[in-house]
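> This is run.cif, which holds mmCIF, C-alpha atoms (C1' of nucleotides):
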data_upload
#
loop_
_atom_site.label_atom_id
_atom_site.label_comp_id
_atom_site.auth_asym_id
_atom_site.auth_seq_id
_atom_site.Cartn_x
_atom_site.Cartn_y
_atom_site.Cartn_z
CA MET A 123 0.00 0.00 0.00
CA SER A 124 0.93 3.65 -0.43
CA THR A 125 -0.60 3.76 2.99
CA PRO A 126 -0.56 7.09 4.70
CA PRO A 127 1.62 6.37 7.72
CA ALA A 128 -0.91 8.10 9.91
CA THR A 129 -3.96 6.84 11.72
CA GLU A 130 -4.15 3.04 11.50
CA ALA A 131 -4.97 -0.04 13.43
CA THR A 132 -8.43 -0.73 14.73
CA ALA A 133 -10.17 2.31 13.34
CA ASP A 134 -12.46 3.20 16.16
CA VAL A 135 -15.45 4.79 14.57
CA ALA A 136 -15.45 8.05 16.48
CA PRO A 137 -18.08 9.81 18.52
CA CYS A 138 -21.05 10.90 16.56
CA CYS A 139 -22.57 12.87 13.78
CA VAL A 140 -25.08 15.56 14.54
CA LEU A 141 -28.01 16.05 12.23
CA GLY A 142 -27.20 18.68 9.65
CA GLU A 143 -23.46 18.28 10.07
CA THR A 144 -21.41 16.60 7.42
CA ILE A 145 -18.81 14.12 8.57
CA ASP A 146 -15.21 15.07 7.87
CA ASP A 147 -12.73 13.24 5.68
CA GLY A 148 -11.08 11.36 8.53
CA LEU A 149 -14.32 9.98 9.91
CA ALA A 150 -15.54 9.08 6.43
CA HIS A 151 -12.31 7.17 5.94
CA ASP A 152 -12.64 5.30 9.23
CA LEU A 153 -16.28 4.42 8.63
CA ALA A 154 -15.49 3.24 5.11
CA LYS A 155 -12.76 1.03 6.53
CA VAL A 156 -15.23 -0.74 8.79
CA PHE A 157 -17.82 -1.21 6.05
CA LYS A 158 -15.24 -2.23 3.48
CA ALA A 159 -14.07 -4.96 5.81
CA LEU A 160 -17.57 -6.42 5.59
CA GLY A 161 -17.84 -5.75 1.87
CA ASP A 162 -16.78 -9.25 0.93
CA PRO A 163 -18.99 -12.35 1.19
CA THR A 164 -16.15 -14.38 2.67
CA ARG A 165 -15.62 -11.95 5.52
CA VAL A 166 -19.35 -11.72 6.15
CA LYS A 167 -19.36 -15.49 6.50
CA LEU A 168 -16.34 -15.43 8.78
CA MET A 169 -18.01 -12.89 11.04
CA SER A 170 -21.18 -14.95 11.06
CA LEU A 171 -19.27 -18.14 11.85
CA ILE A 172 -17.44 -16.60 14.77
CA ALA A 173 -20.47 -14.78 16.14
CA GLY A 174 -22.56 -17.90 15.83
CA SER A 175 -20.06 -20.26 17.44
CA SER A 176 -20.88 -21.69 20.83
CA ASP A 177 -17.78 -20.25 22.49
CA GLY A 178 -18.06 -16.92 20.74
CA GLU A 179 -14.57 -17.39 19.40
CA MET A 180 -12.80 -19.50 16.77
CA CYS A 181 -9.29 -20.16 15.49
CA VAL A 182 -8.15 -20.07 11.87
CA CYS A 183 -7.98 -23.83 11.68
CA ASP A 184 -11.73 -24.04 12.33
CA LEU A 185 -12.55 -21.40 9.73
CA THR A 186 -10.77 -22.60 6.61
CA GLU A 187 -13.06 -25.54 5.96
CA PRO A 188 -16.44 -23.75 6.29
CA VAL A 189 -15.45 -21.02 3.84
CA GLY A 190 -13.56 -23.36 1.52
CA LEU A 191 -10.47 -21.20 1.16
CA SER A 192 -6.77 -21.70 1.85
CA GLN A 193 -5.27 -20.98 5.26
CA PRO A 194 -3.27 -17.95 4.09
CA THR A 195 -6.35 -16.44 2.53
CA VAL A 196 -8.41 -16.86 5.67
CA SER A 197 -5.56 -15.41 7.70
CA HIS A 198 -5.52 -12.43 5.36
CA HIS A 199 -9.25 -11.84 5.76
CA MET A 200 -9.01 -12.08 9.53
CA LYS A 201 -6.28 -9.49 9.52
CA LEU A 202 -8.54 -7.06 7.69
CA LEU A 203 -11.35 -7.68 10.17
CA VAL A 204 -8.98 -7.04 13.06
CA GLU A 205 -7.66 -3.84 11.50
CA ALA A 206 -11.22 -2.64 11.05
CA GLY A 207 -11.84 -3.27 14.73
CA LEU A 208 -14.56 -5.80 14.02
CA VAL A 209 -12.85 -8.71 15.74
CA ALA A 210 -10.20 -9.08 18.43
CA ARG A 211 -7.30 -11.47 18.16
CA GLU A 212 -5.89 -13.43 21.08
CA GLN A 213 -2.99 -15.84 20.83
CA ARG A 214 -3.35 -18.84 23.11
CA GLY A 215 -0.70 -21.47 22.75
CA ARG A 216 -0.16 -22.15 19.07
CA TRP A 217 -3.67 -21.03 18.18
CA ALA A 218 -4.99 -17.59 17.35
CA TYR A 219 -8.50 -17.06 18.61
CA TYR A 220 -10.81 -14.44 17.17
CA ARG A 221 -13.91 -13.00 18.79
CA PRO A 222 -16.28 -10.35 17.43
CA THR A 223 -16.39 -6.77 18.63
CA ILE A 224 -19.98 -6.16 17.67
CA ASP A 225 -20.10 -2.63 19.01
CA THR A 226 -17.86 -1.43 16.21
CA LEU A 227 -20.40 -2.18 13.51
CA ALA A 228 -23.27 -0.79 15.55
CA ALA A 229 -21.39 2.44 16.14
CA ALA A 230 -20.49 2.78 12.48
CA ALA A 231 -24.08 2.25 11.39
CA LYS A 232 -25.28 4.72 13.98
CA ALA A 233 -22.87 7.36 12.70
CA LEU A 234 -24.58 7.24 9.33
CA ASN A 235 -28.14 7.54 10.51
CA ALA A 236 -27.08 10.94 11.72
CA MET B 207 -18.01 -9.80 -13.58
CA SER B 208 -18.69 -13.47 -14.06
CA THR B 209 -21.87 -12.37 -12.40
CA PRO B 210 -24.39 -15.02 -11.62
CA PRO B 211 -27.38 -13.84 -13.68
CA ALA B 212 -29.63 -14.47 -10.71
CA THR B 213 -30.76 -12.26 -7.84
CA GLU B 214 -29.96 -8.58 -8.26
CA ALA B 215 -31.16 -5.07 -7.96
CA THR B 216 -31.74 -3.54 -4.55
CA ALA B 217 -30.48 -6.42 -2.52
CA ASP B 218 -32.91 -6.51 0.32
CA VAL B 219 -31.01 -7.93 3.21
CA ALA B 220 -33.33 -10.81 4.02
CA PRO B 221 -35.13 -11.88 7.14
CA CYS B 222 -32.81 -12.92 9.88
CA CYS B 223 -30.05 -15.08 11.19
CA VAL B 224 -30.62 -17.27 14.19
CA LEU B 225 -27.88 -17.68 16.75
CA GLY B 226 -25.81 -20.73 15.98
CA GLU B 227 -26.85 -20.80 12.35
CA THR B 228 -24.43 -19.82 9.64
CA ILE B 229 -25.74 -17.57 6.92
CA ASP B 230 -25.87 -19.07 3.45
CA ASP B 231 -23.97 -17.92 0.38
CA GLY B 232 -26.80 -15.85 -1.02
CA LEU B 233 -27.37 -13.88 2.16
CA ALA B 234 -23.62 -13.36 2.62
CA HIS B 235 -23.52 -11.98 -0.90
CA ASP B 236 -26.41 -9.60 -0.30
CA LEU B 237 -25.04 -8.37 3.01
CA ALA B 238 -21.61 -7.85 1.46
CA LYS B 239 -23.22 -5.81 -1.29
CA VAL B 240 -24.74 -3.41 1.22
CA PHE B 241 -21.54 -3.05 3.21
CA LYS B 242 -19.37 -2.76 0.12
CA ALA B 243 -21.51 0.12 -1.06
CA LEU B 244 -20.46 1.95 2.10
CA GLY B 245 -16.87 0.76 1.84
CA ASP B 246 -15.70 3.91 0.11
CA PRO B 247 -15.14 7.27 1.84
CA THR B 248 -16.85 9.12 -0.99
CA ARG B 249 -20.04 7.12 -0.66
CA VAL B 250 -19.99 7.46 3.11
CA LYS B 251 -19.84 11.22 2.61
CA LEU B 252 -22.62 11.12 0.06
CA MET B 253 -24.84 9.20 2.47
CA SER B 254 -24.01 11.63 5.23
CA LEU B 255 -24.71 14.62 3.03
CA ILE B 256 -28.10 13.35 1.97
CA ALA B 257 -29.10 12.16 5.43
CA GLY B 258 -27.99 15.44 6.93
CA SER B 259 -29.72 17.69 4.41
CA SER B 260 -32.69 19.74 5.55
CA ASP B 261 -35.09 18.16 3.05
CA GLY B 262 -33.77 14.66 3.54
CA GLU B 263 -33.04 14.47 -0.17
CA MET B 264 -30.54 15.90 -2.65
CA CYS B 265 -29.86 15.92 -6.38
CA VAL B 266 -26.58 15.10 -8.08
CA CYS B 267 -25.92 18.73 -8.85
CA ASP B 268 -25.84 19.53 -5.12
CA LEU B 269 -23.50 16.64 -4.36
CA THR B 270 -20.63 17.11 -6.80
CA GLU B 271 -19.18 20.17 -5.14
CA PRO B 272 -19.10 18.90 -1.52
CA VAL B 273 -17.26 15.72 -2.48
CA GLY B 274 -15.06 17.41 -5.06
CA LEU B 275 -15.56 14.86 -7.81
CA SER B 276 -16.88 14.99 -11.36
CA GLN B 277 -20.56 14.62 -12.13
CA PRO B 278 -20.19 11.22 -13.86
CA THR B 279 -18.28 9.89 -10.87
CA VAL B 280 -20.92 11.04 -8.39
CA SER B 281 -23.60 9.58 -10.62
CA HIS B 282 -21.72 6.30 -10.59
CA HIS B 283 -21.49 6.25 -6.79
CA MET B 284 -25.17 7.03 -6.43
CA LYS B 285 -26.01 4.14 -8.69
CA LEU B 286 -24.11 1.77 -6.43
CA LEU B 287 -25.92 3.12 -3.38
CA VAL B 288 -29.27 2.65 -5.11
CA GLU B 289 -28.42 -0.90 -6.16
CA ALA B 290 -27.47 -1.70 -2.59
CA GLY B 291 -30.85 -0.45 -1.46
CA LEU B 292 -29.30 2.27 0.69
CA VAL B 293 -30.92 5.18 -1.13
CA ALA B 294 -34.00 5.62 -3.32
CA ARG B 295 -33.98 7.58 -6.55
CA GLU B 296 -36.84 9.75 -7.72
CA GLN B 297 -36.84 11.75 -10.93
CA ARG B 298 -38.59 15.10 -10.64
CA GLY B 299 -38.37 17.31 -13.67
CA ARG B 300 -34.81 17.33 -14.92
CA TRP B 301 -33.43 16.49 -11.51
CA ALA B 302 -32.82 13.15 -9.86
CA TYR B 303 -33.46 13.26 -6.13
CA TYR B 304 -31.98 10.76 -3.74
CA ARG B 305 -33.15 9.98 -0.23
CA PRO B 306 -31.72 7.48 2.25
CA THR B 307 -33.32 4.16 3.11
CA ILE B 308 -31.77 3.84 6.53
CA ASP B 309 -33.51 0.62 7.42
CA THR B 310 -31.37 -1.26 4.94
CA LEU B 311 -28.18 -0.63 6.84
CA ALA B 312 -29.78 -1.31 10.20
CA ALA B 313 -31.13 -4.63 8.94
CA ALA B 314 -27.77 -5.64 7.51
CA ALA B 315 -25.97 -4.83 10.73
CA LYS B 316 -28.59 -6.70 12.71
CA ALA B 317 -28.14 -9.79 10.56
CA LEU B 318 -24.51 -9.97 11.63
CA ASN B 319 -25.01 -9.60 15.35
CA ALA B 320 -26.91 -12.84 15.12
"C1'" DC C 280 -39.25 21.34 -33.15
"C1'" DT C 281 -35.11 22.98 -31.15
"C1'" DC C 282 -32.22 24.17 -27.55
"C1'" DA C 283 -30.20 24.23 -22.88
"C1'" DC C 284 -29.34 21.75 -18.98
"C1'" DG C 285 -29.21 17.89 -15.51
"C1'" DT C 286 -28.12 13.21 -15.50
"C1'" DA C 287 -26.48 8.63 -17.11
"C1'" DT C 288 -23.48 5.66 -19.90
"C1'" DC C 289 -19.11 4.47 -22.29
"C1'" DG C 290 -14.18 3.73 -22.84
"C1'" DA C 291 -9.92 3.99 -20.79
"C1'" DC C 292 -6.51 3.63 -17.22
"C1'" DA C 293 -4.05 3.42 -12.70
"C1'" DG C 294 -4.45 1.35 -8.47
"C1'" DA C 295 -6.71 -1.79 -5.10
"C1'" DT C 296 -8.34 -6.51 -3.97
"C1'" DG C 297 -8.94 -11.69 -3.50
"C1'" DT C 298 -6.70 -15.76 -4.17
"C1'" DC C 299 -3.09 -19.18 -4.15
"C1'" DA C 300 1.57 -21.67 -3.55
"C1'" DA C 301 5.74 -21.18 -1.26
"C1'" DT C 302 7.95 -19.88 2.70
"C1'" DA C 303 8.98 -17.73 7.14
"C1'" DC C 304 7.67 -17.20 12.04
"C1'" DG C 305 6.39 -18.86 16.98
"C1'" DT C 306 5.15 -21.91 20.24
"C1'" DG C 307 4.61 -26.33 22.80
"C1'" DA C 308 6.29 -31.22 22.87
"C1'" DG C 309 10.12 -34.46 22.98
"C1'" DC D 194 18.02 -27.99 21.04
"C1'" DT D 195 15.10 -29.91 17.60
"C1'" DC D 196 10.90 -30.95 15.56
"C1'" DA D 197 5.96 -30.65 14.36
"C1'" DC D 198 2.26 -27.81 13.79
"C1'" DG D 199 -0.73 -23.56 13.62
"C1'" DT D 200 -0.39 -19.12 11.83
"C1'" DA D 201 1.42 -15.07 9.23
"C1'" DT D 202 3.99 -13.01 5.37
"C1'" DT D 203 5.62 -12.78 0.59
"C1'" DG D 204 5.27 -12.77 -4.37
"C1'" DA D 205 2.53 -13.35 -8.26
"C1'" DC D 206 -1.58 -12.93 -10.95
"C1'" DA D 207 -6.34 -12.10 -12.63
"C1'" DT D 208 -10.08 -9.33 -11.58
"C1'" DC D 209 -12.52 -5.49 -9.61
"C1'" DT D 210 -12.88 -0.52 -8.58
"C1'" DG D 211 -12.61 4.63 -8.62
"C1'" DT D 212 -11.85 8.20 -11.54
"C1'" DC D 213 -12.05 11.07 -15.60
"C1'" DG D 214 -13.26 13.03 -20.36
"C1'" DA D 215 -16.34 12.42 -24.00
"C1'" DT D 216 -20.77 11.54 -25.25
"C1'" DA D 217 -25.61 10.00 -25.22
"C1'" DC D 218 -30.19 10.39 -23.02
"C1'" DG D 219 -34.50 13.02 -21.12
"C1'" DT D 220 -36.96 16.71 -19.79
"C1'" DG D 221 -38.71 21.52 -19.52
"C1'" DA D 222 -38.37 26.14 -21.83
"C1'" DG D 223 -38.75 28.91 -25.99
#
Is it possible to give me this structure as structure tokens?

Amino acid sequence: MSTPPATEATADVAPCCVLGETIDDGLAHDLAKVFKALGDPTRVKLMSLIAGSSDGEMCVCDLTEPVGLSQPTVSHHMKLLVEAGLVAREQRGRWAYYRPTIDTLAAAAKALNA
Amino acid sequence: MSTPPATEATADVAPCCVLGETIDDGLAHDLAKVFKALGDPTRVKLMSLIAGSSDGEMCVCDLTEPVGLSQPTVSHHMKLLVEAGLVAREQRGRWAYYRPTIDTLAAAAKALNA
DNA sequence: CTCACGTATCGACAGATGTCAATACGTGAG
DNA sequence: CTCACGTATTGACATCTGTCGATACGTGAG
């Protein structure tokens, strides 16, 4: 990426959006990052799988089969979800466990209802 | 696209998503379509502009300047938002007015909390 | 009808994105 | 330490996406 060195990592949606006020460039960028992370059917499925799991968390090894993609690809998608702040990653032993951060999506959606 | 000829036009999010149940391919596709439409800072701004306007609706001519893009580009973005079911288009005279359909986003977000 | 004007479509192009195979990294077991 | 195994990174490639200029389409004014 020609990534602007700024900002980054777990874009946290920001406070609000008063009626009649237009959101600024930075907020628009952060919101878009969250929505873009969910703008792929595979990642939607991943989110659904994790959210719907009995423990509320899953490791990569459990996710590759349901979505039918290679391990590196799933790992890539999970990284995007983490960077968007939609899931949290926790390393336990050799496994990486992911759990949803549902508030992020709710906050992003709320910011647009304005 | 190698687009499946099926489905299409104003993807309407679908009913639900019970806890413990994984969403199917079609629903994942529809949800992704909605989120992808908001996965661009320009479109986030456009949504915000329209939602925040006093009349609750705006025409393309009022949108080009705030986002600083050409008319064809704005028209293109609006088309995507319409196809995602996030805004409704109404032609009145020579102008095309757009108004938000906020329920679409709320329903999509809800489907993921599952 | 003809014209002006707001909007949509087309063609083109640079850059982003999803995917994989190959490989590197980290951690627990022996 | 060494090895096996789960995960992440890299490099490559086809496709998708955002943007523009040029142009076509539709509608109200004259």
> What residues in chain D have any atom no more than 8 Å from chain A when counting only C-alpha atoms (C1' of nucleotides), and can you write them as a list in words?
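For chain D, the answer reads DG199, DT200 and DA201 of chain D.
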> Could I get chain A fitted onto chain B (least squares, all C-alpha atoms, in order) as a CSV table (one decimal) with C-alpha atoms, in the frame of the given file?

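Once written, out-v9.csv looks like this:
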chain,number,residue,atom,x,y,z
A,123,MET,CA,-19.0,-7.6,-14.8
A,124,SER,CA,-19.2,-11.4,-15.2
A,125,THR,CA,-22.3,-10.8,-13.1
A,126,PRO,CA,-24.4,-13.8,-12.4
A,127,PRO,CA,-27.6,-12.9,-14.1
A,128,ALA,CA,-29.5,-13.9,-11.0
A,129,THR,CA,-30.6,-12.0,-8.0
A,130,GLU,CA,-29.9,-8.3,-8.4
A,131,ALA,CA,-31.2,-4.8,-7.8
A,132,THR,CA,-31.7,-3.5,-4.3
A,133,ALA,CA,-30.5,-6.5,-2.4
A,134,ASP,CA,-32.9,-6.6,0.4
A,135,VAL,CA,-31.0,-8.0,3.4
A,136,ALA,CA,-33.3,-10.9,4.2
A,137,PRO,CA,-35.0,-11.9,7.4
A,138,CYS,CA,-32.7,-12.9,10.1
A,139,CYS,CA,-30.0,-15.0,11.5
A,140,VAL,CA,-30.6,-17.2,14.5
A,141,LEU,CA,-27.9,-17.7,17.0
A,142,GLY,CA,-25.9,-20.7,16.2
A,143,GLU,CA,-26.9,-20.8,12.6
A,144,THR,CA,-24.5,-19.8,9.9
A,145,ILE,CA,-25.8,-17.6,7.2
A,146,ASP,CA,-25.9,-19.1,3.7
A,147,ASP,CA,-23.9,-18.0,0.6
A,148,GLY,CA,-26.8,-15.9,-0.8
A,149,LEU,CA,-27.4,-13.9,2.3
A,150,ALA,CA,-23.6,-13.4,2.8
A,151,HIS,CA,-23.5,-12.1,-0.7
A,152,ASP,CA,-26.4,-9.7,-0.1
A,153,LEU,CA,-25.0,-8.4,3.2
A,154,ALA,CA,-21.6,-7.9,1.6
A,155,LYS,CA,-23.2,-5.9,-1.1
A,156,VAL,CA,-24.7,-3.5,1.3
A,157,PHE,CA,-21.5,-3.1,3.3
A,158,LYS,CA,-19.3,-2.8,0.3
A,159,ALA,CA,-21.5,0.0,-0.9
A,160,LEU,CA,-20.4,1.9,2.2
A,161,GLY,CA,-16.9,0.7,2.0
A,162,ASP,CA,-15.7,3.8,0.2
A,163,PRO,CA,-15.1,7.2,1.9
A,164,THR,CA,-16.8,9.0,-0.9
A,165,ARG,CA,-20.0,7.0,-0.6
A,166,VAL,CA,-20.0,7.4,3.2
A,167,LYS,CA,-19.8,11.2,2.6
A,168,LEU,CA,-22.6,11.0,0.1
A,169,MET,CA,-24.8,9.1,2.5
A,170,SER,CA,-24.0,11.6,5.2
A,171,LEU,CA,-24.7,14.6,3.0
A,172,ILE,CA,-28.1,13.3,1.9
A,173,ALA,CA,-29.1,12.1,5.4
A,174,GLY,CA,-28.0,15.4,6.9
A,175,SER,CA,-29.8,17.6,4.3
A,176,SER,CA,-32.7,19.6,5.4
A,177,ASP,CA,-35.1,18.1,2.9
A,178,GLY,CA,-33.8,14.6,3.4
A,179,GLU,CA,-33.0,14.4,-0.3
A,180,MET,CA,-30.5,15.8,-2.8
A,181,CYS,CA,-29.8,15.7,-6.5
A,182,VAL,CA,-26.5,14.9,-8.2
A,183,CYS,CA,-25.9,18.6,-9.0
A,184,ASP,CA,-25.8,19.4,-5.2
A,185,LEU,CA,-23.5,16.5,-4.4
A,186,THR,CA,-20.6,17.0,-6.9
A,187,GLU,CA,-19.2,20.1,-5.2
A,188,PRO,CA,-19.1,18.8,-1.6
A,189,VAL,CA,-17.2,15.6,-2.5
A,190,GLY,CA,-15.0,17.3,-5.1
A,191,LEU,CA,-15.5,14.7,-7.8
A,192,SER,CA,-16.8,14.8,-11.4
A,193,GLN,CA,-20.5,14.4,-12.2
A,194,PRO,CA,-20.1,11.0,-13.8
A,195,THR,CA,-18.2,9.7,-10.8
A,196,VAL,CA,-20.8,10.9,-8.4
A,197,SER,CA,-23.5,9.4,-10.6
A,198,HIS,CA,-21.6,6.1,-10.5
A,199,HIS,CA,-21.4,6.1,-6.7
A,200,MET,CA,-25.1,6.9,-6.4
A,201,LYS,CA,-25.9,4.0,-8.7
A,202,LEU,CA,-24.0,1.6,-6.4
A,203,LEU,CA,-25.9,3.0,-3.3
A,204,VAL,CA,-29.2,2.5,-5.1
A,205,GLU,CA,-28.3,-1.1,-6.1
A,206,ALA,CA,-27.4,-1.8,-2.5
A,207,GLY,CA,-30.8,-0.6,-1.4
A,208,LEU,CA,-29.3,2.2,0.7
A,209,VAL,CA,-30.9,5.1,-1.1
A,210,ALA,CA,-34.0,5.5,-3.4
A,211,ARG,CA,-33.9,7.4,-6.6
A,212,GLU,CA,-36.8,9.6,-7.8
A,213,GLN,CA,-36.7,11.5,-11.1
A,214,ARG,CA,-38.5,14.8,-10.8
A,215,GLY,CA,-38.3,17.0,-13.9
A,216,ARG,CA,-34.7,17.0,-15.1
A,217,TRP,CA,-33.4,16.3,-11.7
A,218,ALA,CA,-32.8,12.9,-10.0
A,219,TYR,CA,-33.4,13.1,-6.3
A,220,TYR,CA,-31.9,10.6,-3.8
A,221,ARG,CA,-33.1,9.9,-0.3
A,222,PRO,CA,-31.7,7.4,2.2
A,223,THR,CA,-33.3,4.1,3.1
A,224,ILE,CA,-31.8,3.8,6.5
A,225,ASP,CA,-33.6,0.6,7.4
A,226,THR,CA,-31.4,-1.3,5.0
A,227,LEU,CA,-28.2,-0.6,6.9
A,228,ALA,CA,-29.8,-1.3,10.2
A,229,ALA,CA,-31.2,-4.6,9.0
A,230,ALA,CA,-27.8,-5.6,7.6
A,231,ALA,CA,-26.0,-4.8,10.9
A,232,LYS,CA,-28.7,-6.7,12.8
A,233,ALA,CA,-28.2,-9.8,10.7
A,234,LEU,CA,-24.6,-9.9,11.8
A,235,ASN,CA,-25.1,-9.6,15.5
A,236,ALA,CA,-26.9,-12.9,15.2
> Could you please tell me, as a list in words, which residues of chain C have an atom within 12 Å of chain B when using all atoms listed in the file?
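Taken together, these residues fit the definition: DA283, DC284, DG285, DT286, DA287, DT288, DC289 and DA295 of chain C.
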> For atom CA of Gly148 of chain A and atom CA of Pro272 of chain B, determine how far apart the two atoms are, in Å to one decimal place.
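Distance between the two atoms: 14.9 Å.
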> Could you produce a table of the residues of chain B lying within 7 Å of chain A, with the nearest pair of atoms per residue and their separation in Å rounded to one decimal, using only C-alpha atoms, ordered by chain and increasing residue number, as JSON lines?

{"residue": "B:Leu225", "atom": "CA", "partner": "A:Gly174", "partner_atom": "CA", "distance": 5.4}
{"residue": "B:Gly226", "atom": "CA", "partner": "A:Gly174", "partner_atom": "CA", "distance": 4.3}
{"residue": "B:Glu227", "atom": "CA", "partner": "A:Gly174", "partner_atom": "CA", "distance": 6.2}
{"residue": "B:Thr228", "atom": "CA", "partner": "A:Leu171", "partner_atom": "CA", "distance": 5.9}
{"residue": "B:Ile229", "atom": "CA", "partner": "A:Ser170", "partner_atom": "CA", "distance": 6.7}
{"residue": "B:Ala234", "atom": "CA", "partner": "A:Pro163", "partner_atom": "CA", "distance": 4.9}
{"residue": "B:His235", "atom": "CA", "partner": "A:Pro163", "partner_atom": "CA", "distance": 5.0}
{"residue": "B:Ala238", "atom": "CA", "partner": "A:Gly161", "partner_atom": "CA", "distance": 4.3}
{"residue": "B:Lys239", "atom": "CA", "partner": "A:Gly161", "partner_atom": "CA", "distance": 6.2}
{"residue": "B:Phe241", "atom": "CA", "partner": "A:Gly161", "partner_atom": "CA", "distance": 4.8}
{"residue": "B:Lys242", "atom": "CA", "partner": "A:Gly161", "partner_atom": "CA", "distance": 3.8}
{"residue": "B:Leu244", "atom": "CA", "partner": "A:Phe157", "partner_atom": "CA", "distance": 5.7}
{"residue": "B:Gly245", "atom": "CA", "partner": "A:Lys158", "partner_atom": "CA", "distance": 3.8}
{"residue": "B:Asp246", "atom": "CA", "partner": "A:Ala154", "partner_atom": "CA", "distance": 5.0}
{"residue": "B:Pro247", "atom": "CA", "partner": "A:Ala150", "partner_atom": "CA", "distance": 5.0}
{"residue": "B:Val250", "atom": "CA", "partner": "A:Ala150", "partner_atom": "CA", "distance": 5.8}
{"residue": "B:Lys251", "atom": "CA", "partner": "A:Ala150", "partner_atom": "CA", "distance": 6.1}
{"residue": "B:Ser254", "atom": "CA", "partner": "A:Thr144", "partner_atom": "CA", "distance": 6.0}
{"residue": "B:Leu255", "atom": "CA", "partner": "A:Thr144", "partner_atom": "CA", "distance": 5.8}
{"residue": "B:Ala257", "atom": "CA", "partner": "A:Ala236", "partner_atom": "CA", "distance": 6.7}
{"residue": "B:Gly258", "atom": "CA", "partner": "A:Gly142", "partner_atom": "CA", "distance": 4.3}
{"residue": "B:Ser259", "atom": "CA", "partner": "A:Gly142", "partner_atom": "CA", "distance": 5.9}
{"residue": "B:Ser260", "atom": "CA", "partner": "A:Gly142", "partner_atom": "CA", "distance": 6.9}
{"residue": "B:Ile308", "atom": "CA", "partner": "A:Asn235", "partner_atom": "CA", "distance": 6.5}
{"residue": "B:Leu311", "atom": "CA", "partner": "A:Ala231", "partner_atom": "CA", "distance": 6.8}
{"residue": "B:Ala312", "atom": "CA", "partner": "A:Ala231", "partner_atom": "CA", "distance": 6.8}
{"residue": "B:Ala315", "atom": "CA", "partner": "A:Leu227", "partner_atom": "CA", "distance": 6.8}
{"residue": "B:Leu318", "atom": "CA", "partner": "A:Ser170", "partner_atom": "CA", "distance": 6.0}
{"residue": "B:Asn319", "atom": "CA", "partner": "A:Ile224", "partner_atom": "CA", "distance": 6.5}
{"residue": "B:Ala320", "atom": "CA", "partner": "A:Gly174", "partner_atom": "CA", "distance": 6.7}
> Rounded to one decimal, what separation in Å do you get between atom CA of Leu203 of chain A and atom CA of Arg221 of chain A?
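These atoms are spaced 10.4 Å apart.
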> With a distance cut-off of 12 Å and all atoms listed in the file, select the neighbouring residues of DA291 of chain C, excluding the residue or stretch itself and same-chain residues fewer than 5 positions from it, and output the selection as a list in words.
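Neighbouring residues, sequence-local ones excluded: DT212, DC213, DG214 and DA215 of chain D.
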> Please indicate the distance in Å from atom C1' of DT302 of chain C to atom C1' of DT202 of chain D, rounded to one decimal place.
8.4 Å
> With a distance cut-off of 9 Å and only C-alpha atoms (C1' of nucleotides), select the neighbouring residues of segment 204-208 of chain D, excluding the residue or stretch itself and same-chain residues fewer than 3 positions from it, and output the selection as a list in words.
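Near segment 204-208 of chain D, the qualifying residues are Met207 of chain B; DT296, DG297, DT298 and DA301 of chain C.
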> Name every residue that the PyMOL selection byres ((chain D and resi 211) around 9) selects in this structure, writing the answer as a PyMOL selection string with chains first and numbers rising.
(chain B and resi 279) or (chain C and resi 294) or (chain D and resi 210+212)
